[in-house]
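Visitor: Can you read through this structure? Questions will come right after.
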Amino acid sequence: MVILGAGHNGLVAAAYLAGAGLSVLLLEKNDYIGGATTSQKVFPDYDATLSRYSYLVSLFPEKIIHDLGLNLELRRRATGSFTPYAKNGRHDGLLLSNVSEEASRQSLFELTGNHSEFEQLQKFYGLSRVFAEKVWDSMLEPLVVKEDFRRRFDVDETHREAWRSLAEEPLGKAIEHYLQDDLVRGLVFTDAKIGVFTHPHDETLLQNRCFLYHLIGNKTGEWKVPVGGMGNVARELERAARQKGAEMVTGVHLRALDVAGSNRSVEFELDGKTHTVEARFLLVNFGLNVLAGLLGKPYRPDANDEGSVFKINMLLRRLPKLKATRYAETEAFCGTFHIDEGYEEMNASYEQARQGKLPEKLPGEVYCHTLTDDSILSPELRAQGFHTMTLFGLDTPWPLFAEDNETVRPRAQQKFVEGMNRWLAEPLEDCLAVGRDGSLCIEGKSP
């Protein structure tokens, strides 16, 4: 068995297959193992290892952790989300707690002036919980055809509604049926947009798929913090795979694949020399565009295959103060801090991006890893009050950056910073760590 690509999927496969007695060789182009599941010293002047790409964990079955004997701690965030807003000339925020339902209820009441929106939000999320209960276990089973899945939901009207609302109809229909407040609608819909370019009434149901990815994990949909960062996830998977006998080679440049016949062959370059290896099975753990090139075939991507995400990594000397002064910064940034993600705001930003323009306001969400797990910082940085922060930006489709990434990327980064600053009592820039060369410790990654 040859596995191409040492991301987390490739590592899980390597561990299971080697454990089952197969001879496993894993080839990776980078000089490190883990792919997007990695922690790196993004800012070399500081001893802080940031989860550079992926950063939270939900869609990782607990069964895999137990099967492979992984030493992982996935820690719950005390705050689910914080969404700042201005009302009657006063800055405030909607705080949804992971530890106090009453705090969430009260915060939603202060936003809407009624208790019904909280009840409706509970009913809406009840649909996703019903869906997760029926679907999650199938993630470790052979693929189930749609009609067989539908039959699993033919239990009662609640189950049938969950299937209809989440698998057959555009998600916007259910959101608009259950929820009335624009900010709450937007908060919910962000889980349907993260990483993809879509809108509430997209007939392709891309938004539904994205939403379900975010809401079914381990039947709770909760996203947890990996203690030690994503790099610790990769290290544990690598340890398990090697322990079971898998071999790994990094710094590999793939040249060609031959998948005809009973044996597959891989031609690759390593340290300036060309090698060929044959295997009965070949497992590919990278994009279809790369695979097509190696097979000498044309690649015609669907529009839905284009990425739409902007990632900003930051190292801060201190957390910025909020305009919503009744909330502590440690409380607001512990969870997902939503910026310009109202329902209609995101409809507007989607439409602007669809027309080929960088949106005037870019929706995004921020999260501070070190409020839940500060082990990714050195003791010195912890003592000085340093923190890491990640921003995940939406409505930034790849075509916006394709022609002139070097110009558009910093423009987008600045728009996201401006979006944050609208809700801060001090400029974010004043809180960022500074490198020896005088540069701010902020890094933007476009699609």
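Labels for the structure tokens follow display order: chains A, B, ..., residues from 1 in each chain, ligands from 1.
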How close does each residue of region 49-159 of chain A get to region 369-385 of chain A, giving the shortest atom pair and distance in Å to one decimal for every residue with an atom at most 8 Å away, counting only C-alpha atoms, sorted by chain and residue number, as a Markdown table?
Guide:
```
| residue | atom | partner | partner_atom | distance |
| --- | --- | --- | --- | --- |
| A:Thr49 | CA | A:Ile376 | CA | 5.4 |
| A:Leu50 | CA | A:Ile376 | CA | 7.1 |
| A:Arg75 | CA | A:Thr372 | CA | 7.3 |
| A:Arg76 | CA | A:Thr372 | CA | 7.8 |
| A:Arg77 | CA | A:Thr372 | CA | 6.2 |
```
Visitor: So that I can see what lies close to region 193-203 of chain A, please list as a list in words the residues with an atom at most 6 Å from it, counting only C-alpha atoms and leaving out residues fewer than 4 positions away in the same chain.
Guide: Pro170, Leu171, Gly172, Gln207, Gly307, Ser308 and Val309 of chain A
Visitor: Just the residues within 6 Å of Leu391 (chain A), please, counting only C-alpha atoms, with nothing from its chain fewer than 4 positions along; format it as JSON, numbers by chain.
Guide: {"A": [311, 312, 365, 366]}
Visitor: Please provide as a VMD selection string all residues within 12 Å of Asp395 (chain A), with the sequence filter that same-chain residues fewer than 2 positions apart are discarded (counting only C-alpha atoms).
Guide: chain A and resid 190 192 to 199 306 to 311 340 to 341 345 to 364 392 to 393 397 to 401 412 416 446 to 447
Visitor: Env of region 177-182 of chain A: 6 Å cut, atoms = only C-alpha atoms, seq-sep filter 4 positions within chain, self excluded. Answer as a count of residues only.
Guide: 3
Visitor: Counting only C-alpha atoms, which residue out of A:Lys219, A:Met1, A:Phe43, A:Thr336 sits closest to Asn263 (chain A)?
Guide: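 Closest to Asn263 (chain A) of all the choices is A:Met1.
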Visitor: With a distance cut-off of 7 Å and only C-alpha atoms, select the neighbouring residues of region 246-252 of chain A, excluding the residue or stretch itself and same-chain residues fewer than 6 positions from it, and output the selection as a short mmCIF file (atom, residue, chain, number, x, y, z; two decimals) with N, CA and C atoms, in the first residue's frame.
Guide:
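part-v7.cif, freshly written:
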```cif
data_model
loop_
_atom_site.label_atom_id
_atom_site.label_comp_id
_atom_site.auth_asym_id
_atom_site.auth_seq_id
_atom_site.Cartn_x
_atom_site.Cartn_y
_atom_site.Cartn_z
N ALA A 14 -2.94 5.27 7.18
CA ALA A 14 -1.67 4.56 7.37
C ALA A 14 -1.68 3.76 8.67
N ALA A 15 -2.20 4.35 9.73
CA ALA A 15 -2.22 3.66 11.02
C ALA A 15 -3.13 2.44 10.99
N ALA A 18 -1.59 -0.27 8.38
CA ALA A 18 -0.40 -0.93 8.92
C ALA A 18 -0.79 -1.83 10.08
N SER A 23 1.81 -3.75 4.32
CA SER A 23 3.04 -2.97 4.22
C SER A 23 2.66 -1.60 3.69
N VAL A 24 2.97 -0.55 4.44
CA VAL A 24 2.50 0.80 4.11
C VAL A 24 3.67 1.75 3.95
N LEU A 25 3.69 2.44 2.81
CA LEU A 25 4.66 3.50 2.55
C LEU A 25 3.88 4.79 2.31
N LEU A 26 4.19 5.82 3.08
CA LEU A 26 3.51 7.10 2.94
C LEU A 26 4.50 8.12 2.39
N LEU A 27 4.13 8.78 1.29
CA LEU A 27 4.99 9.76 0.63
C LEU A 27 4.39 11.16 0.79
N GLU A 28 5.22 12.12 1.22
CA GLU A 28 4.75 13.48 1.49
C GLU A 28 5.67 14.50 0.82
N LYS A 29 5.09 15.50 0.15
CA LYS A 29 5.90 16.49 -0.56
C LYS A 29 6.57 17.49 0.40
N ASN A 30 5.90 17.84 1.50
CA ASN A 30 6.47 18.80 2.43
C ASN A 30 7.60 18.17 3.25
N ASP A 31 8.31 19.03 3.96
CA ASP A 31 9.39 18.50 4.81
C ASP A 31 8.88 18.19 6.22
N TYR A 32 7.57 18.23 6.39
CA TYR A 32 6.96 17.89 7.68
C TYR A 32 5.73 17.02 7.45
N PHE A 268 8.70 9.00 -8.36
CA PHE A 268 8.92 10.23 -7.60
C PHE A 268 10.40 10.56 -7.51
N GLU A 269 10.66 11.81 -7.18
CA GLU A 269 12.02 12.29 -7.05
C GLU A 269 12.30 12.61 -5.59
N LEU A 270 13.46 12.19 -5.13
CA LEU A 270 13.87 12.43 -3.75
C LEU A 270 15.36 12.70 -3.73
#
```
Visitor: Quick one: which region 45-74 of chain A residues come within 12 Å of region 430-434 of chain A, and what is the nearest atom pair for each with the distance in Å to one decimal, counting only C-alpha atoms, rows ordered by chain and ascending number, as a tab-separated table?
Guide:
```
residue	atom	partner	partner_atom	distance
A:Asp45	CA	A:Val434	CA	8.9
A:Tyr46	CA	A:Ala433	CA	9.0
A:Asp47	CA	A:Ala433	CA	12.0
A:Ala48	CA	A:Ala433	CA	11.4
```
Visitor: I'd like the contact shell of Leu94 (chain A) - 12 Å cut-off, only C-alpha atoms, skipping same-chain residues fewer than 3 positions apart - returned as a PyMOL selection string.
Guide: chain A and resi 79-87+91+97+103-112+118+181+183-184+187+324+326-327+331-332+335-339
Visitor: From region 137-214 of chain A, collect each residue whose DSSP state is helix (DSSP H, G or I) and return the set as a PyMOL selection string.
Guide: chain A and resi 137-140+146-152+157-168+171-178+182-192+206-214
Visitor: Using only C-alpha atoms, can you tell me which of A:Asp437, A:Asp156, A:Asp92, A:Glu141 comes closest to Lys323 (chain A)?
Guide: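 Going through A:Asp437, A:Asp156, A:Asp92, A:Glu141 one by one, the smallest distance to Lys323 (chain A) is for A:Asp92.
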Visitor: Taking the backbone alone, and naming residues the way the document does, which bits of region 326-366 of chain A are strand (DSSP E) by DSSP, as a VMD selection string?
Guide: chain A and resid 336 to 339 364 to 366
Visitor: Could you please take those selected residues and save C-alpha atoms as a short mmCIF file (atom, residue, chain, number, x, y, z; two decimals), in the first residue's frame?
Guide:
```cif
data_model
loop_
_atom_site.label_atom_id
_atom_site.label_comp_id
_atom_site.auth_asym_id
_atom_site.auth_seq_id
_atom_site.Cartn_x
_atom_site.Cartn_y
_atom_site.Cartn_z
CA THR A 336 -16.03 32.37 18.03
CA PHE A 337 -16.12 36.17 17.71
CA HIS A 338 -18.35 37.08 14.75
CA ILE A 339 -17.66 40.16 12.61
CA GLY A 364 -15.23 36.83 9.36
CA GLU A 365 -14.84 35.13 12.71
CA VAL A 366 -12.05 35.25 15.25
#
```
Visitor: So how far away is CA of Ala13 (chain A) from CA of Gln40 (chain A), in Å?
Guide: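 Result for CA of Gln40 (chain A) versus CA of Ala13 (chain A): 23.7 Å, one decimal.
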